[in-house]
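Below is one structure, written out as structure tokens, with a few remarks after it.
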Amino acid sequence: MERFNPGEMPTGLPLTPSDEAPASAGSPPQYLEGLNARQLEAVEALDGPVLVLAGAGTGKTKTLTTRIAHILCSARAWPSQILAVTFTNKAANEMRERVNQISTLQVDSLPWLGTFHSISAKILRRHAELAGRNQNFTILDTDDQVRLLKQLVKAEGIDEKRWPARQLAAVIDRWKNQCWLPSDVPAKASGAFDGKAVGLYRQYQERLETLNSVDFGDLILLVVELLRSNEELLADYQRRFRYILVDEYQDINTAQYLWLRLFAQGQSNICCVGDEDQSIYGWRGADVGNILGFEQSFPEARVVRLEQNYRSTSHILSAASALIGNNEGRLGKTLWTDVPGGEKVRLIGHWDGAAEARWISGEIEALAYGTGRRRKYELGDIAVLVRASFLMRELEDCFLSIGLPYRVIGGPRFYERKEIRDALAYFRLAVSGADDLAFTRIVNVPKRGVGEKALVSIHDCARNSGLTMFEAAKVLLRNNEFSGRTAIGLNKFVANVERWSAVLNSGEGDHVELAGRIIDEAGLVQMWMNTKTPEAEGRVENLKELVKSLEKFNNLQGFLEHVALVFENLEDSVGEKVSIMTLHAAKGLEFPVVFLPAWEEGVFPSKRSLDEMPLRGLEEERRLAYVGITRAMEICTVSCAATRMSYGGWSSQVPSRFIDELPNSETQTLSPPGLMGGFSQGEGRLGGHDISNASFSGHSTSNTYSAPGYRRMVQRSRELTAGSGRSIRQESIGAKTEFAGGDRVFHRKFGYGVVQNREGERLEIEFKCSGTKRIMSRFVTAADGTES
DNA sequence: CCAAGGCCGGTTTTT
DNA sequence: CCGGCCTTGG
């Protein structure tokens, strides 16, 4: 159907193309069936601002996509008149797919459905000259950003150690999230970097402009600036975007809010969907205040609450609701389900992280491979969600050792890997010799004798004569400025790049083949094959993968334009596997079975976020806990350990306050065989929960628990940790002895030893069996000399 | 110019 | 305990 062609619509078209309305009048359209009353309300409230507060598992995406379908099917707007914004490409793709599924009209494309960043890039490319760029500007990622800043910091003669470029990048990023250009940075905020940050920010922006580049923050910021200073343009976009939809509204930052508001001031048909209880990105600039203040920002806004949950059992829901009820800054929702019953949230304490991992692996095996009624789950139905990625290690170690197939979601991104970035830099330089950042990155990768000194002289030459670094290198070569090895290496490099770029410009030959040749001739493959580290093989594989992925594009340029913004992580979905990921990565997902380990003070809630902002930090951590629990459909297990190894040391852990906040009525406390929670919780309680009936699964995890030696160790540890308090609100009142050198001590894991040295709380102890370790004094007790 | 060893520091992560 | 980054010695 021609009318749904995504092509550009002329501006100033009739407001309502209703004369061409599809035959949708009469009985309610089929796509509205199956929506509940609230969802229907959210779909049909098309005029004016709408805030949809969509709790976890309440059909948020369904509502959003149906709303788009409804706008289209009722002929309120053309596809090109709908602005639909998400945060991730994944969400955008899913939405596009589901609109197509719902709509029988086969909308092949909604041109303005995408992430904040990709839509901004699209707008910016059209009007690049107004932002001091040309249409082919490149988008720098964090790595490029830091490299560039490092150069500037160095040039300013600032101590790089005291003010690392990373930190400066973070400051600038924060300012951009606030929508502040250098001139907008308020005096009271400009103290960073000894007050030099604003100046560096200004230089950085100038540098970006001359490089014809923007960073991620600029995409939003520059679009706002563009529209603010061009009334015509703004009016044009406001007329175009008749309906605006925003996903995950709780995660937007100030710049994104201003961005949205500019577009929305036209028609005000803006519909934002979000859940303030799932706002977990405050640390990177997201401001919950935006969703809390929606009704002030958009007066007359209609608020629709989606509270019927279709995901979790009632116990899981109630536990999550009770937990999040402890937060102050809420608009308030009460999730409910009409499906009764289900398993209570399971709580269990362990001796240490390894025991916790072992227990989880045993449970997973029972659920997936076990016999009897419990065997109703596939590995793919099960997820382990952790607060921070360092917690994955112990799990992985354990899963590996028992051969339990798992997959880690959200590791390092494909295009952030060194080998990929190097290859991309070669492509960039071949496409544009002016890409100085690419040049600096790879001129000596692999090593070809072009070191710091050579680079500086190339840089100076380029600066002094206004050349690109690539040109400058050629000039210096011609003038014989370099000695033997450097000259040979650089000459070959220059010749290679020129040859590739000639092939590229001739327009002949296959770009996939060229890419392969570049990687090969540059010596990247050779470089990695010569490396003997275990991951080298994988890197060569990744390079092959990169070349293969080029097949989906028409040319190198097109590929590079997309690579910064939309490069999917290739997920290995081969076979059934348990998923391990961070809580952040789990947002938006659901699993029948969820394990939530390491709920311990300091880990979760994380000490650092509490230190940074005690109140806001705690609330965000609590929302993270809420996100975790609400991922579970049927079985949710929260666990903690009494001891955890980190940074090579051991530390004694206290159960998270969030465990206390789960009501007794919705939880059951399990105990691992032969061990009462690892902690000695006074009268057998875990975070205030009675330890009631034993493990649900009936399978016995491991016999090691009942081995006599193990039992003795547990017994011993119980005595030693007795009185360590059942809640963090109660400080440890355990025997706090001051130790001195020469004292004989006992440690639960390492056994008997002698104190060598003391620095405050830190003891250096030489253990009889385990060598010398550094231990906090509270983890050891005085040994009475009765060791056997 | 570069490879090997010491030292410091170390959440969460998308675009 | 690990990895990144800087210093040192070839």
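Letters A, B, ... mark the chains of the structure tokens in the order given; residue numbers begin at 1 per chain; ligand numbers begin at 1, in order shown.
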Show which residues sit within 12 Å of DC2 (chain C), as a VMD selection string. Count only C-alpha atoms (C1' of nucleotides), and ignore same-chain residues fewer than 4 positions away.
(chain A and resid 390 393 646 to 648) or (chain B and resid 8 to 10)
Do you have, as JSON lines, the list of residues of chain A lying at most 7 Å from chain B, each with its nearest atom pair and that distance in Å to one decimal, counting only C-alpha atoms (C1' of nucleotides) and ordered by chain then number?
```
{"residue": "A:Thr88", "atom": "CA", "partner": "B:DT14", "partner_atom": "C1'", "distance": 6.7}
{"residue": "A:His117", "atom": "CA", "partner": "B:DT15", "partner_atom": "C1'", "distance": 6.0}
{"residue": "A:Phe216", "atom": "CA", "partner": "B:DT15", "partner_atom": "C1'", "distance": 6.1}
{"residue": "A:Ala388", "atom": "CA", "partner": "B:DT11", "partner_atom": "C1'", "distance": 6.0}
{"residue": "A:Gly449", "atom": "CA", "partner": "B:DC1", "partner_atom": "C1'", "distance": 6.4}
{"residue": "A:Gly451", "atom": "CA", "partner": "B:DC1", "partner_atom": "C1'", "distance": 6.3}
{"residue": "A:Leu565", "atom": "CA", "partner": "B:DT15", "partner_atom": "C1'", "distance": 6.0}
{"residue": "A:His584", "atom": "CA", "partner": "B:DT12", "partner_atom": "C1'", "distance": 6.6}
```
With only C-alpha atoms (C1' of nucleotides) considered, list every residue of chain C at most 12 Å from chain A, as JSON, numbers by chain.
{"C": [1, 2, 5, 6]}
Restricting it to N, CA, C and O atoms (P, O5', C5', C4', C3', O3' and C1' of nucleotides), dump the selection as an mmCIF file, in the first residue's frame.
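This went into result18.cif:
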```cif
data_model
loop_
_atom_site.group_PDB
_atom_site.id
_atom_site.type_symbol
_atom_site.label_atom_id
_atom_site.label_comp_id
_atom_site.auth_asym_id
_atom_site.auth_seq_id
_atom_site.Cartn_x
_atom_site.Cartn_y
_atom_site.Cartn_z
ATOM 1 P P DC C 1 46.871 -14.062 44.826
ATOM 2 O "O5'" DC C 1 45.757 -14.761 43.926
ATOM 3 C "C5'" DC C 1 44.405 -14.528 44.346
ATOM 4 C "C4'" DC C 1 43.633 -13.919 43.224
ATOM 5 C "C3'" DC C 1 44.399 -13.778 41.913
ATOM 6 O "O3'" DC C 1 43.522 -14.102 40.856
ATOM 7 C "C1'" DC C 1 43.622 -11.664 42.578
ATOM 8 P P DC C 2 44.000 -14.347 39.447
ATOM 9 O "O5'" DC C 2 43.177 -13.104 38.907
ATOM 10 C "C5'" DC C 2 42.875 -12.947 37.542
ATOM 11 C "C4'" DC C 2 42.746 -11.472 37.235
ATOM 12 C "C3'" DC C 2 43.670 -11.044 36.099
ATOM 13 O "O3'" DC C 2 42.846 -10.732 34.986
ATOM 14 C "C1'" DC C 2 43.655 -9.463 37.911
ATOM 15 P P DC C 5 45.490 1.665 30.455
ATOM 16 O "O5'" DC C 5 46.729 1.946 31.420
ATOM 17 C "C5'" DC C 5 46.644 2.903 32.474
ATOM 18 C "C4'" DC C 5 48.036 3.130 32.980
ATOM 19 C "C3'" DC C 5 49.013 3.660 31.916
ATOM 20 O "O3'" DC C 5 49.866 4.590 32.534
ATOM 21 C "C1'" DC C 5 49.874 1.708 32.842
ATOM 22 P P DC C 6 50.467 5.772 31.831
ATOM 23 O "O5'" DC C 6 51.814 5.953 32.649
ATOM 24 C "C5'" DC C 6 51.785 5.872 34.086
ATOM 25 C "C4'" DC C 6 53.030 5.147 34.540
ATOM 26 C "C3'" DC C 6 54.311 5.658 33.869
ATOM 27 O "O3'" DC C 6 55.212 6.140 34.838
ATOM 28 C "C1'" DC C 6 54.213 3.284 33.874
#
```
As an MDAnalysis selection string, list the residues of region 463-615 of chain A assigned to helix (DSSP H, G or I) by DSSP on the backbone atoms of this structure.
chainID A and resid 463:465 469:478 484:506 511:521 524:530 536:552 556:563 583:586 607:612 614:615
Would you list, as a ChimeraX atom specification, the residues of region 372-601 of chain A that end up in strand (DSSP E or B) under DSSP run on this structure's backbone?
/A:382-386,406-408,578-582,591-596,600
Export of the given selection (all heavy atoms) as a short mmCIF file (atom, residue, chain, number, x, y, z; two decimals), in the first residue's frame:
```
data_model
loop_
_atom_site.label_atom_id
_atom_site.label_comp_id
_atom_site.auth_asym_id
_atom_site.auth_seq_id
_atom_site.Cartn_x
_atom_site.Cartn_y
_atom_site.Cartn_z
N ILE A 382 16.44 -20.49 33.00
CA ILE A 382 17.04 -20.17 34.28
C ILE A 382 18.08 -19.06 34.13
O ILE A 382 18.87 -19.06 33.19
CB ILE A 382 17.72 -21.43 34.87
CG1 ILE A 382 16.68 -22.55 34.99
CG2 ILE A 382 18.35 -21.13 36.23
CD1 ILE A 382 17.26 -23.89 35.34
N ALA A 383 18.04 -18.12 35.06
CA ALA A 383 19.02 -17.04 35.02
C ALA A 383 19.58 -16.77 36.40
O ALA A 383 18.88 -16.90 37.40
CB ALA A 383 18.39 -15.76 34.47
N VAL A 384 20.84 -16.40 36.44
CA VAL A 384 21.47 -15.95 37.68
C VAL A 384 21.81 -14.48 37.49
O VAL A 384 22.54 -14.13 36.56
CB VAL A 384 22.76 -16.75 37.99
CG1 VAL A 384 23.29 -16.36 39.36
CG2 VAL A 384 22.50 -18.24 37.91
N LEU A 385 21.25 -13.63 38.33
CA LEU A 385 21.42 -12.19 38.17
C LEU A 385 22.25 -11.63 39.31
O LEU A 385 21.92 -11.81 40.48
CB LEU A 385 20.06 -11.49 38.14
CG LEU A 385 19.01 -12.12 37.23
CD1 LEU A 385 17.71 -11.32 37.28
CD2 LEU A 385 19.51 -12.21 35.80
N VAL A 386 23.31 -10.95 38.99
CA VAL A 386 24.22 -10.44 40.01
C VAL A 386 24.32 -8.92 39.97
O VAL A 386 24.01 -8.29 38.97
CB VAL A 386 25.64 -11.03 39.84
CG1 VAL A 386 25.63 -12.53 40.06
CG2 VAL A 386 26.20 -10.69 38.46
N TYR A 406 26.56 -22.58 30.37
CA TYR A 406 26.06 -21.26 30.73
C TYR A 406 26.50 -20.25 29.68
O TYR A 406 27.37 -20.52 28.86
CB TYR A 406 26.60 -20.82 32.10
CG TYR A 406 28.06 -20.51 32.10
CD1 TYR A 406 28.51 -19.22 31.85
CD2 TYR A 406 28.99 -21.51 32.34
CE1 TYR A 406 29.86 -18.93 31.84
CE2 TYR A 406 30.34 -21.23 32.33
CZ TYR A 406 30.77 -19.94 32.07
OH TYR A 406 32.11 -19.66 32.05
N ARG A 407 25.86 -19.11 29.74
CA ARG A 407 26.25 -18.02 28.83
C ARG A 407 26.23 -16.73 29.63
O ARG A 407 25.34 -16.52 30.44
CB ARG A 407 25.28 -18.01 27.64
CG ARG A 407 24.67 -16.69 27.28
CD ARG A 407 23.66 -16.83 26.16
NE ARG A 407 22.51 -17.65 26.55
CZ ARG A 407 21.92 -18.56 25.78
NH1 ARG A 407 22.35 -18.78 24.59
NH2 ARG A 407 20.88 -19.23 26.22
N VAL A 408 27.24 -15.93 29.42
CA VAL A 408 27.29 -14.63 30.08
C VAL A 408 26.73 -13.59 29.13
O VAL A 408 27.19 -13.48 28.00
CB VAL A 408 28.72 -14.26 30.49
CG1 VAL A 408 28.77 -12.82 31.00
CG2 VAL A 408 29.22 -15.21 31.55
N VAL A 578 22.23 -21.85 30.77
CA VAL A 578 21.83 -20.96 31.86
C VAL A 578 22.39 -19.58 31.55
O VAL A 578 23.48 -19.46 31.04
CB VAL A 578 22.43 -21.43 33.20
CG1 VAL A 578 22.09 -20.48 34.32
CG2 VAL A 578 21.94 -22.83 33.51
N SER A 579 21.64 -18.54 31.85
CA SER A 579 22.14 -17.19 31.62
C SER A 579 22.70 -16.61 32.90
O SER A 579 22.09 -16.72 33.96
CB SER A 579 21.02 -16.29 31.11
OG SER A 579 20.49 -16.79 29.92
N ILE A 580 23.86 -15.99 32.79
CA ILE A 580 24.42 -15.22 33.89
C ILE A 580 24.54 -13.79 33.41
O ILE A 580 25.06 -13.55 32.32
CB ILE A 580 25.83 -15.72 34.27
CG1 ILE A 580 25.79 -17.21 34.65
CG2 ILE A 580 26.39 -14.91 35.43
CD1 ILE A 580 27.16 -17.78 34.97
N MET A 581 24.02 -12.86 34.18
CA MET A 581 24.16 -11.46 33.77
C MET A 581 24.02 -10.53 34.96
O MET A 581 23.66 -10.96 36.06
CB MET A 581 23.12 -11.12 32.71
CG MET A 581 21.69 -11.11 33.19
SD MET A 581 20.53 -10.96 31.82
CE MET A 581 20.13 -12.68 31.55
N THR A 582 24.30 -9.26 34.74
CA THR A 582 24.10 -8.29 35.80
C THR A 582 22.62 -7.93 35.88
O THR A 582 21.86 -8.14 34.93
CB THR A 582 24.88 -6.99 35.54
OG1 THR A 582 24.35 -6.39 34.35
CG2 THR A 582 26.36 -7.23 35.40
N PHE A 591 12.37 -14.67 33.29
CA PHE A 591 12.79 -16.07 33.33
C PHE A 591 11.91 -16.82 34.32
O PHE A 591 11.61 -16.30 35.39
CB PHE A 591 14.25 -16.19 33.79
CG PHE A 591 15.22 -15.54 32.88
CD1 PHE A 591 15.57 -14.20 33.08
CD2 PHE A 591 15.80 -16.23 31.83
CE1 PHE A 591 16.46 -13.57 32.23
CE2 PHE A 591 16.70 -15.60 30.98
CZ PHE A 591 17.04 -14.27 31.18
N PRO A 592 11.55 -18.04 33.99
CA PRO A 592 10.78 -18.83 34.95
C PRO A 592 11.52 -19.00 36.28
O PRO A 592 10.91 -18.95 37.33
CB PRO A 592 10.62 -20.18 34.23
CG PRO A 592 10.64 -19.83 32.78
CD PRO A 592 11.62 -18.69 32.66
N VAL A 593 12.82 -19.19 36.22
CA VAL A 593 13.59 -19.41 37.44
C VAL A 593 14.71 -18.37 37.53
O VAL A 593 15.49 -18.22 36.59
CB VAL A 593 14.22 -20.82 37.46
CG1 VAL A 593 15.02 -21.02 38.74
CG2 VAL A 593 13.15 -21.88 37.30
N VAL A 594 14.77 -17.68 38.65
CA VAL A 594 15.80 -16.65 38.82
C VAL A 594 16.55 -16.85 40.13
O VAL A 594 15.93 -17.07 41.18
CB VAL A 594 15.17 -15.24 38.80
CG1 VAL A 594 16.17 -14.18 39.26
CG2 VAL A 594 14.66 -14.90 37.41
N PHE A 595 17.86 -16.81 40.07
CA PHE A 595 18.69 -16.82 41.28
C PHE A 595 19.30 -15.44 41.49
O PHE A 595 19.82 -14.84 40.54
CB PHE A 595 19.81 -17.87 41.16
CG PHE A 595 19.30 -19.28 41.22
CD1 PHE A 595 18.97 -19.96 40.05
CD2 PHE A 595 19.13 -19.91 42.43
CE1 PHE A 595 18.48 -21.26 40.09
CE2 PHE A 595 18.65 -21.21 42.49
CZ PHE A 595 18.31 -21.89 41.31
N LEU A 596 19.23 -14.96 42.71
CA LEU A 596 19.77 -13.64 43.03
C LEU A 596 20.80 -13.77 44.15
O LEU A 596 20.47 -13.61 45.33
CB LEU A 596 18.63 -12.70 43.45
CG LEU A 596 17.54 -12.48 42.40
CD1 LEU A 596 16.31 -11.83 43.01
CD2 LEU A 596 18.06 -11.62 41.25
N GLU A 600 24.31 -8.96 50.01
CA GLU A 600 25.06 -8.66 51.22
C GLU A 600 25.36 -7.17 51.26
O GLU A 600 25.61 -6.56 50.23
CB GLU A 600 26.39 -9.45 51.20
CG GLU A 600 26.20 -10.95 51.24
CD GLU A 600 27.14 -11.67 50.28
OE1 GLU A 600 28.22 -11.14 50.00
OE2 GLU A 600 26.77 -12.76 49.79
#
```
